[in-house]
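Structure file run.cif (mmCIF, C-alpha atoms) follows.
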data_upload
loop_
_atom_site.label_atom_id
_atom_site.label_comp_id
_atom_site.auth_asym_id
_atom_site.auth_seq_id
_atom_site.Cartn_x
_atom_site.Cartn_y
_atom_site.Cartn_z
CA MET A 28 0.00 0.00 0.00
CA THR A 29 2.86 2.38 0.66
CA THR A 30 4.06 1.89 -2.89
CA ALA A 31 0.64 2.92 -4.18
CA LEU A 32 0.77 6.06 -2.02
CA ILE A 33 4.21 6.91 -3.35
CA VAL A 34 2.98 6.48 -6.94
CA ILE A 35 -0.10 8.62 -6.23
CA ALA A 36 2.05 11.29 -4.56
CA ALA A 37 4.47 11.22 -7.52
CA LEU A 38 1.56 11.59 -9.96
CA ILE A 39 0.19 14.51 -7.95
CA ILE A 40 3.62 16.17 -7.91
CA ILE A 41 4.02 15.60 -11.66
CA ALA A 42 0.54 17.02 -12.34
CA LEU A 43 1.18 20.08 -10.15
CA SER A 44 4.56 20.61 -11.80
CA ALA A 45 2.98 20.41 -15.24
CA TYR A 46 0.27 22.88 -14.19
CA ALA A 47 2.86 25.26 -12.71
CA THR A 48 4.93 25.01 -15.90
CA MET A 49 1.83 25.74 -17.99
CA LEU A 50 1.05 28.80 -15.83
CA LEU A 51 4.63 30.06 -16.08
CA LEU A 52 4.58 29.72 -19.87
CA LYS A 53 1.25 31.54 -20.02
CA LEU A 54 2.65 34.32 -17.82
CA LYS A 55 5.74 34.57 -20.02
CA ARG A 56 3.57 34.91 -23.17
CA GLN A 57 1.38 37.50 -21.45
CA ASN A 58 4.42 39.53 -20.36
CA ALA A 59 5.85 39.39 -23.88
CA HIS A 60 2.51 40.57 -25.28
CA ASN A 61 2.33 43.40 -22.72
CA GLN A 62 5.87 44.48 -23.66
CA GLN A 63 4.92 44.47 -27.34
CA VAL A 64 1.78 46.55 -26.68
CA LEU A 65 3.81 48.98 -24.55
CA ALA A 66 6.46 49.30 -27.27
CA GLU A 67 3.76 49.96 -29.89
CA ARG A 68 2.15 52.63 -27.70
CA GLN A 69 5.52 54.25 -27.10
CA ALA A 70 6.27 54.24 -30.84
CA LYS A 71 2.90 55.90 -31.56
CA ALA A 72 3.51 58.46 -28.80
CA ASP A 73 6.99 59.20 -30.20
CA GLU A 74 5.57 59.55 -33.71
CA HIS A 75 2.87 61.95 -32.45
CA ARG A 76 5.45 63.94 -30.51
CA GLN A 77 7.64 64.26 -33.60
CA ARG A 78 4.67 65.41 -35.72
CA VAL A 79 3.83 68.10 -33.14
CA LEU A 80 7.48 69.19 -32.95
CA THR A 81 7.51 69.41 -36.75
CA ASP A 82 4.42 71.62 -36.54
CA ILE A 83 6.16 73.82 -33.94
CA ARG A 84 9.22 74.19 -36.18
CA TYR A 85 6.99 74.98 -39.17
CA ILE A 86 5.15 77.72 -37.27
CA ALA A 87 8.43 79.25 -36.10
CA ALA A 88 9.72 79.28 -39.68
CA ALA A 89 6.44 80.87 -40.84
CA MET A 90 6.85 83.58 -38.20
CA LEU A 91 10.36 84.31 -39.48
CA GLU A 92 9.11 84.52 -43.07
CA ASP A 93 6.15 86.77 -42.15
CA ARG A 94 3.69 84.07 -43.20
CA CYS A 95 2.30 83.99 -39.65
CA GLU A 96 1.65 86.94 -37.36
CA LEU A 97 3.85 87.06 -34.29
CA SER A 98 1.09 86.68 -31.69
CA GLU A 99 -0.69 83.95 -33.63
CA GLY A 100 2.56 82.00 -33.90
CA VAL A 101 3.32 82.49 -30.23
CA VAL A 102 -0.12 81.22 -29.21
CA ARG A 103 0.10 78.22 -31.52
CA ILE A 104 3.61 77.30 -30.39
CA GLY A 105 2.71 77.81 -26.73
CA LYS A 106 -0.37 75.60 -27.01
CA LEU A 107 1.56 72.88 -28.82
CA PHE A 108 4.28 72.87 -26.17
CA ASP A 109 1.47 72.70 -23.59
CA ALA A 110 -0.02 69.72 -25.44
CA LEU A 111 3.34 67.96 -25.27
CA SER A 112 3.64 68.82 -21.56
CA MET A 113 6.94 70.51 -22.37
CA THR A 114 6.17 74.09 -21.33
CA GLU A 115 8.12 73.93 -18.08
CA GLN A 116 11.04 72.33 -19.87
CA VAL A 117 11.27 74.89 -22.70
CA THR A 118 10.22 78.11 -20.97
CA PRO A 119 13.80 78.78 -19.79
CA LEU A 120 15.00 78.26 -23.39
CA PHE A 121 12.43 80.67 -24.86
CA PRO A 122 11.60 83.16 -22.10
CA ASN A 123 10.42 85.99 -24.37
CA LEU A 124 8.07 83.79 -26.34
CA PHE A 125 6.50 82.48 -23.13
CA THR A 126 6.35 85.96 -21.57
CA HIS A 127 4.28 87.08 -24.55
CA TYR A 128 2.31 83.83 -24.52
CA ASP A 129 1.38 84.34 -20.86
CA ILE A 130 0.06 87.80 -21.70
CA ILE A 131 -2.08 86.78 -24.68
CA LYS A 132 -3.02 83.13 -24.10
CA SER A 133 -6.27 84.01 -22.36
CA HIS A 134 -7.32 86.62 -24.92
CA PRO A 135 -10.57 85.53 -26.56
CA ILE A 136 -10.58 84.86 -30.29
CA MET A 137 -13.10 84.74 -33.11
CA GLU A 138 -16.74 84.93 -31.95
CA ALA A 139 -15.77 85.38 -28.28
CA ARG A 140 -13.64 88.37 -29.26
CA LYS A 141 -16.43 89.85 -31.38
CA ALA A 142 -18.79 89.55 -28.42
CA LEU A 143 -16.57 91.78 -26.26
CA PRO A 144 -17.37 95.48 -25.88
CA LYS A 145 -15.23 97.68 -28.13
CA GLN A 146 -13.37 99.18 -25.16
CA GLN A 147 -12.40 95.72 -23.89
CA ARG A 148 -11.18 94.66 -27.35
CA MET A 149 -9.12 97.84 -27.61
CA LYS A 150 -7.62 97.24 -24.18
CA LEU A 151 -6.63 93.67 -25.12
CA ASP A 152 -5.26 94.86 -28.48
CA PHE A 153 -3.17 97.52 -26.75
CA GLU A 154 -1.82 94.95 -24.28
CA ARG A 155 -0.94 92.57 -27.13
CA MET A 156 0.64 95.28 -29.31
CA ARG A 157 2.70 96.66 -26.41
CA SER A 158 4.01 93.17 -25.65
CA GLU A 159 4.72 92.54 -29.34
CA ALA A 160 6.62 95.83 -29.63
CA ASP A 161 8.67 95.14 -26.51
CA LEU A 162 9.47 91.50 -27.33
CA ASN A 163 9.34 91.30 -31.14
CA ASP A 164 13.07 91.04 -31.88
CA ASN A 165 13.72 88.65 -28.99
CA ILE A 166 10.79 86.42 -29.96
CA LEU A 167 12.03 86.27 -33.55
CA SER A 168 15.51 85.36 -32.30
CA GLU A 169 13.95 82.55 -30.29
CA ALA A 170 11.87 81.53 -33.33
CA LYS A 171 15.14 80.96 -35.22
CA ILE A 172 16.18 78.51 -32.52
CA ILE A 173 12.73 76.88 -32.45
CA ALA A 174 12.79 76.42 -36.23
CA ASP A 175 15.68 73.97 -35.69
CA PHE A 176 14.52 72.71 -32.29
CA GLU A 177 15.10 69.08 -31.35
CA SER A 178 13.73 68.19 -27.96
CA PRO A 179 15.70 65.99 -25.62
CA ARG A 180 14.55 62.39 -25.57
CA THR A 181 12.40 61.32 -22.66
CA HIS A 182 12.16 57.79 -21.37
#
Kindly transcribe the structure held in the file into structure tokens.
Amino acid sequence: MTTALIVIAALIIIALSAYATMLLLKLKRQNAHNQQVLAERQAKADEHRQRVLTDIRYIAAAMLEDRCELSEGVVRIGKLFDALSMTEQVTPLFPNLFTHYDIIKSHPIMEARKALPKQQRMKLDFERMRSEADLNDNILSEAKIIADFESPRTH
């Protein structure tokens, strides 16, 4: 009878070992799949980031070539850096652009602007024009750098 118990115990151990091996293989496949999905997501995020950085460089070049008004370019660039969560990182590199951006980013546009009383629109226009006049040359100098900007890689 003890031999039968030993055989039964051995069969139980073999079955549990086989089950554990099957679970480990399943876990390994699942981890490999998760790594693949993560790598694909990262590749898509990197591709999106590069497209947005290309847009930022294009806007800066358009500002330099007078194809885009200074304030419009500043707002677009500022919003794109915001979208990339890079504003804190690049503000020290482009302080004049972000000084102007901080002044005009909350200014209403299009229909919201038209809905403002004339005095309010004039006040906002004066604020924008004063900032443009004070920072124009420095913003354009920063736009030259932005036109060739390559952001540091993040991990």
Specify as a PyMOL selection string each residue included when the PyMOL selection byres ((chain A and resi 92-96) around 12) is applied to this file. chain A and resi 85-91+97-104+155-156+159+163+166-167+170-171+174
When the PyMOL selection byres ((chain A and resi 130) around 12) is applied to the file above, which residues end up in the set, as JSON, numbers by chain? {"A": [98, 101, 102, 105, 123, 124, 125, 126, 127, 128, 129, 131, 132, 133, 134, 135, 151, 152, 153, 154, 155, 156, 157, 158, 159, 162]}
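A straight line drawn from atom CA of Lys150 of chain A to atom CA of Pro122 of chain A is 23.9 Å long.
Comparing A:Arg76, A:Ile173, A:Ala47, A:Val34 by their smallest distance to Ser112 of chain A, the closest is A:Arg76 (using only C-alpha atoms).
Taking atom CA of Phe121 of chain A as the reference point, atom CA of Asp82 of chain A is found at 16.8 Å.
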Between A:Leu80, A:Pro144, A:Glu169, A:Met49, which one has atoms that come closest to Pro119 of chain A, using only C-alpha atoms?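 Counting only C-alpha atoms, the residue closest to Pro119 of chain A is A:Glu169.
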Mind giving me the straight-line distance from atom CA of Thr81 of chain A to atom CA of Phe176 of chain A in Å, one decimal?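 That distance, rounded to one decimal, is 8.9 Å.
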Pick the closest to Arg84 of chain A from A:Ala160, A:Ile172, A:Met113, A:Leu65: which is it, counting only C-alpha atoms?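 Ranking A:Ala160, A:Ile172, A:Met113, A:Leu65 by distance to Arg84 of chain A, first place goes to A:Ile172.
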Around all listed atoms of segment 68-77 of chain A, padded 6 Å per side, what centre and edge lengths does the axis-aligned box have in Å to one decimal, as AutoDock Vina command-line options?
--center_x 4.9 --center_y 58.4 --center_z -30.4 --size_x 17.5 --size_y 23.6 --size_z 18.6
Across A:Ile35, A:Asn61, A:Phe108, A:Thr48, the smallest distance to Gln77 of chain A, with only C-alpha atoms counted, is shown by A:Phe108
So that I can look at just that part, could you write segment 112-160 of chain A with N, CA and C atoms, as a CSV table (one decimal), in the first residue's frame?
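Resulting contents of selection_24.csv:
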chain,number,residue,atom,x,y,z
A,112,SER,N,3.2,68.7,-23.0
A,112,SER,CA,3.6,68.8,-21.6
A,112,SER,C,5.1,69.2,-21.5
A,113,MET,N,5.5,70.1,-22.3
A,113,MET,CA,6.9,70.5,-22.4
A,113,MET,C,7.1,72.0,-22.0
A,114,THR,N,6.1,72.7,-21.6
A,114,THR,CA,6.2,74.1,-21.3
A,114,THR,C,7.2,74.4,-20.3
A,115,GLU,N,7.1,73.7,-19.2
A,115,GLU,CA,8.1,73.9,-18.1
A,115,GLU,C,9.5,73.7,-18.6
A,116,GLN,N,9.7,72.7,-19.4
A,116,GLN,CA,11.0,72.3,-19.9
A,116,GLN,C,11.6,73.4,-20.8
A,117,VAL,N,10.8,74.0,-21.7
A,117,VAL,CA,11.3,74.9,-22.7
A,117,VAL,C,11.1,76.4,-22.4
A,118,THR,N,10.4,76.7,-21.3
A,118,THR,CA,10.2,78.1,-21.0
A,118,THR,C,11.6,78.8,-20.7
A,119,PRO,N,12.5,78.1,-20.0
A,119,PRO,CA,13.8,78.8,-19.8
A,119,PRO,C,14.6,79.0,-21.1
A,120,LEU,N,14.3,78.1,-22.1
A,120,LEU,CA,15.0,78.3,-23.4
A,120,LEU,C,14.4,79.4,-24.2
A,121,PHE,N,13.1,79.7,-24.1
A,121,PHE,CA,12.4,80.7,-24.9
A,121,PHE,C,11.6,81.6,-24.0
A,122,PRO,N,12.3,82.4,-23.1
A,122,PRO,CA,11.6,83.2,-22.1
A,122,PRO,C,10.7,84.3,-22.7
A,123,ASN,N,11.2,84.9,-23.8
A,123,ASN,CA,10.4,86.0,-24.4
A,123,ASN,C,9.1,85.5,-25.0
A,124,LEU,N,9.2,84.4,-25.7
A,124,LEU,CA,8.1,83.8,-26.3
A,124,LEU,C,7.0,83.5,-25.3
A,125,PHE,N,7.5,82.9,-24.2
A,125,PHE,CA,6.5,82.5,-23.1
A,125,PHE,C,6.0,83.7,-22.3
A,126,THR,N,6.8,84.7,-22.2
A,126,THR,CA,6.3,86.0,-21.6
A,126,THR,C,5.2,86.5,-22.4
A,127,HIS,N,5.4,86.6,-23.7
A,127,HIS,CA,4.3,87.1,-24.6
A,127,HIS,C,3.1,86.1,-24.5
A,128,TYR,N,3.4,84.8,-24.6
A,128,TYR,CA,2.3,83.8,-24.5
A,128,TYR,C,1.5,84.0,-23.2
A,129,ASP,N,2.1,84.2,-22.1
A,129,ASP,CA,1.4,84.3,-20.9
A,129,ASP,C,0.5,85.6,-20.9
A,130,ILE,N,0.9,86.6,-21.6
A,130,ILE,CA,0.1,87.8,-21.7
A,130,ILE,C,-1.2,87.6,-22.6
A,131,ILE,N,-1.0,86.9,-23.7
A,131,ILE,CA,-2.1,86.8,-24.7
A,131,ILE,C,-2.8,85.5,-24.7
A,132,LYS,N,-2.4,84.4,-24.0
A,132,LYS,CA,-3.0,83.1,-24.1
A,132,LYS,C,-4.5,83.1,-23.7
A,133,SER,N,-4.9,84.0,-22.8
A,133,SER,CA,-6.3,84.0,-22.4
A,133,SER,C,-7.1,85.0,-23.1
A,134,HIS,N,-6.5,85.7,-24.1
A,134,HIS,CA,-7.3,86.6,-24.9
A,134,HIS,C,-8.3,85.8,-25.8
A,135,PRO,N,-9.6,86.2,-25.8
A,135,PRO,CA,-10.6,85.5,-26.6
A,135,PRO,C,-10.3,85.7,-28.1
A,136,ILE,N,-10.8,84.8,-28.8
A,136,ILE,CA,-10.6,84.9,-30.3
A,136,ILE,C,-11.9,84.6,-31.0
A,137,MET,N,-12.0,85.0,-32.2
A,137,MET,CA,-13.1,84.7,-33.1
A,137,MET,C,-14.4,85.3,-32.5
A,138,GLU,N,-15.4,84.5,-32.4
A,138,GLU,CA,-16.7,84.9,-31.9
A,138,GLU,C,-16.7,85.5,-30.5
A,139,ALA,N,-15.9,84.9,-29.7
A,139,ALA,CA,-15.8,85.4,-28.3
A,139,ALA,C,-15.2,86.8,-28.3
A,140,ARG,N,-14.2,87.0,-29.2
A,140,ARG,CA,-13.6,88.4,-29.3
A,140,ARG,C,-14.7,89.4,-29.8
A,141,LYS,N,-15.4,89.0,-30.8
A,141,LYS,CA,-16.4,89.9,-31.4
A,141,LYS,C,-17.5,90.2,-30.4
A,142,ALA,N,-17.7,89.3,-29.4
A,142,ALA,CA,-18.8,89.5,-28.4
A,142,ALA,C,-18.4,90.5,-27.3
A,143,LEU,N,-17.1,90.8,-27.3
A,143,LEU,CA,-16.6,91.8,-26.3
A,143,LEU,C,-17.0,93.2,-26.6
A,144,PRO,N,-17.2,94.1,-25.6
A,144,PRO,CA,-17.4,95.5,-25.9
A,144,PRO,C,-16.1,96.1,-26.6
A,145,LYS,N,-16.3,97.1,-27.4
A,145,LYS,CA,-15.2,97.7,-28.1
A,145,LYS,C,-14.1,98.1,-27.2
A,146,GLN,N,-14.4,98.7,-26.1
A,146,GLN,CA,-13.4,99.2,-25.2
A,146,GLN,C,-12.5,98.0,-24.7
A,147,GLN,N,-13.1,96.9,-24.4
A,147,GLN,CA,-12.4,95.7,-23.9
A,147,GLN,C,-11.5,95.2,-25.0
A,148,ARG,N,-12.0,95.1,-26.2
A,148,ARG,CA,-11.2,94.7,-27.4
A,148,ARG,C,-10.0,95.6,-27.5
A,149,MET,N,-10.2,96.9,-27.4
A,149,MET,CA,-9.1,97.8,-27.6
A,149,MET,C,-8.1,97.7,-26.5
A,150,LYS,N,-8.5,97.4,-25.3
A,150,LYS,CA,-7.6,97.2,-24.2
A,150,LYS,C,-6.8,96.0,-24.4
A,151,LEU,N,-7.4,94.9,-24.9
A,151,LEU,CA,-6.6,93.7,-25.1
A,151,LEU,C,-5.7,93.9,-26.3
A,152,ASP,N,-6.1,94.6,-27.3
A,152,ASP,CA,-5.3,94.9,-28.5
A,152,ASP,C,-4.0,95.7,-28.1
A,153,PHE,N,-4.3,96.7,-27.2
A,153,PHE,CA,-3.2,97.5,-26.7
A,153,PHE,C,-2.2,96.7,-26.0
A,154,GLU,N,-2.7,95.8,-25.1
A,154,GLU,CA,-1.8,95.0,-24.3
A,154,GLU,C,-1.0,94.0,-25.2
A,155,ARG,N,-1.6,93.5,-26.2
A,155,ARG,CA,-0.9,92.6,-27.1
A,155,ARG,C,0.1,93.3,-27.9
A,156,MET,N,-0.3,94.5,-28.5
A,156,MET,CA,0.6,95.3,-29.3
A,156,MET,C,1.8,95.8,-28.5
A,157,ARG,N,1.6,96.2,-27.3
A,157,ARG,CA,2.7,96.7,-26.4
A,157,ARG,C,3.7,95.5,-26.2
A,158,SER,N,3.2,94.3,-25.9
A,158,SER,CA,4.0,93.2,-25.6
A,158,SER,C,4.8,92.8,-26.9
A,159,GLU,N,4.1,92.8,-28.1
A,159,GLU,CA,4.7,92.5,-29.3
A,159,GLU,C,5.9,93.5,-29.6
A,160,ALA,N,5.6,94.8,-29.4
A,160,ALA,CA,6.6,95.8,-29.6
A,160,ALA,C,7.8,95.6,-28.7
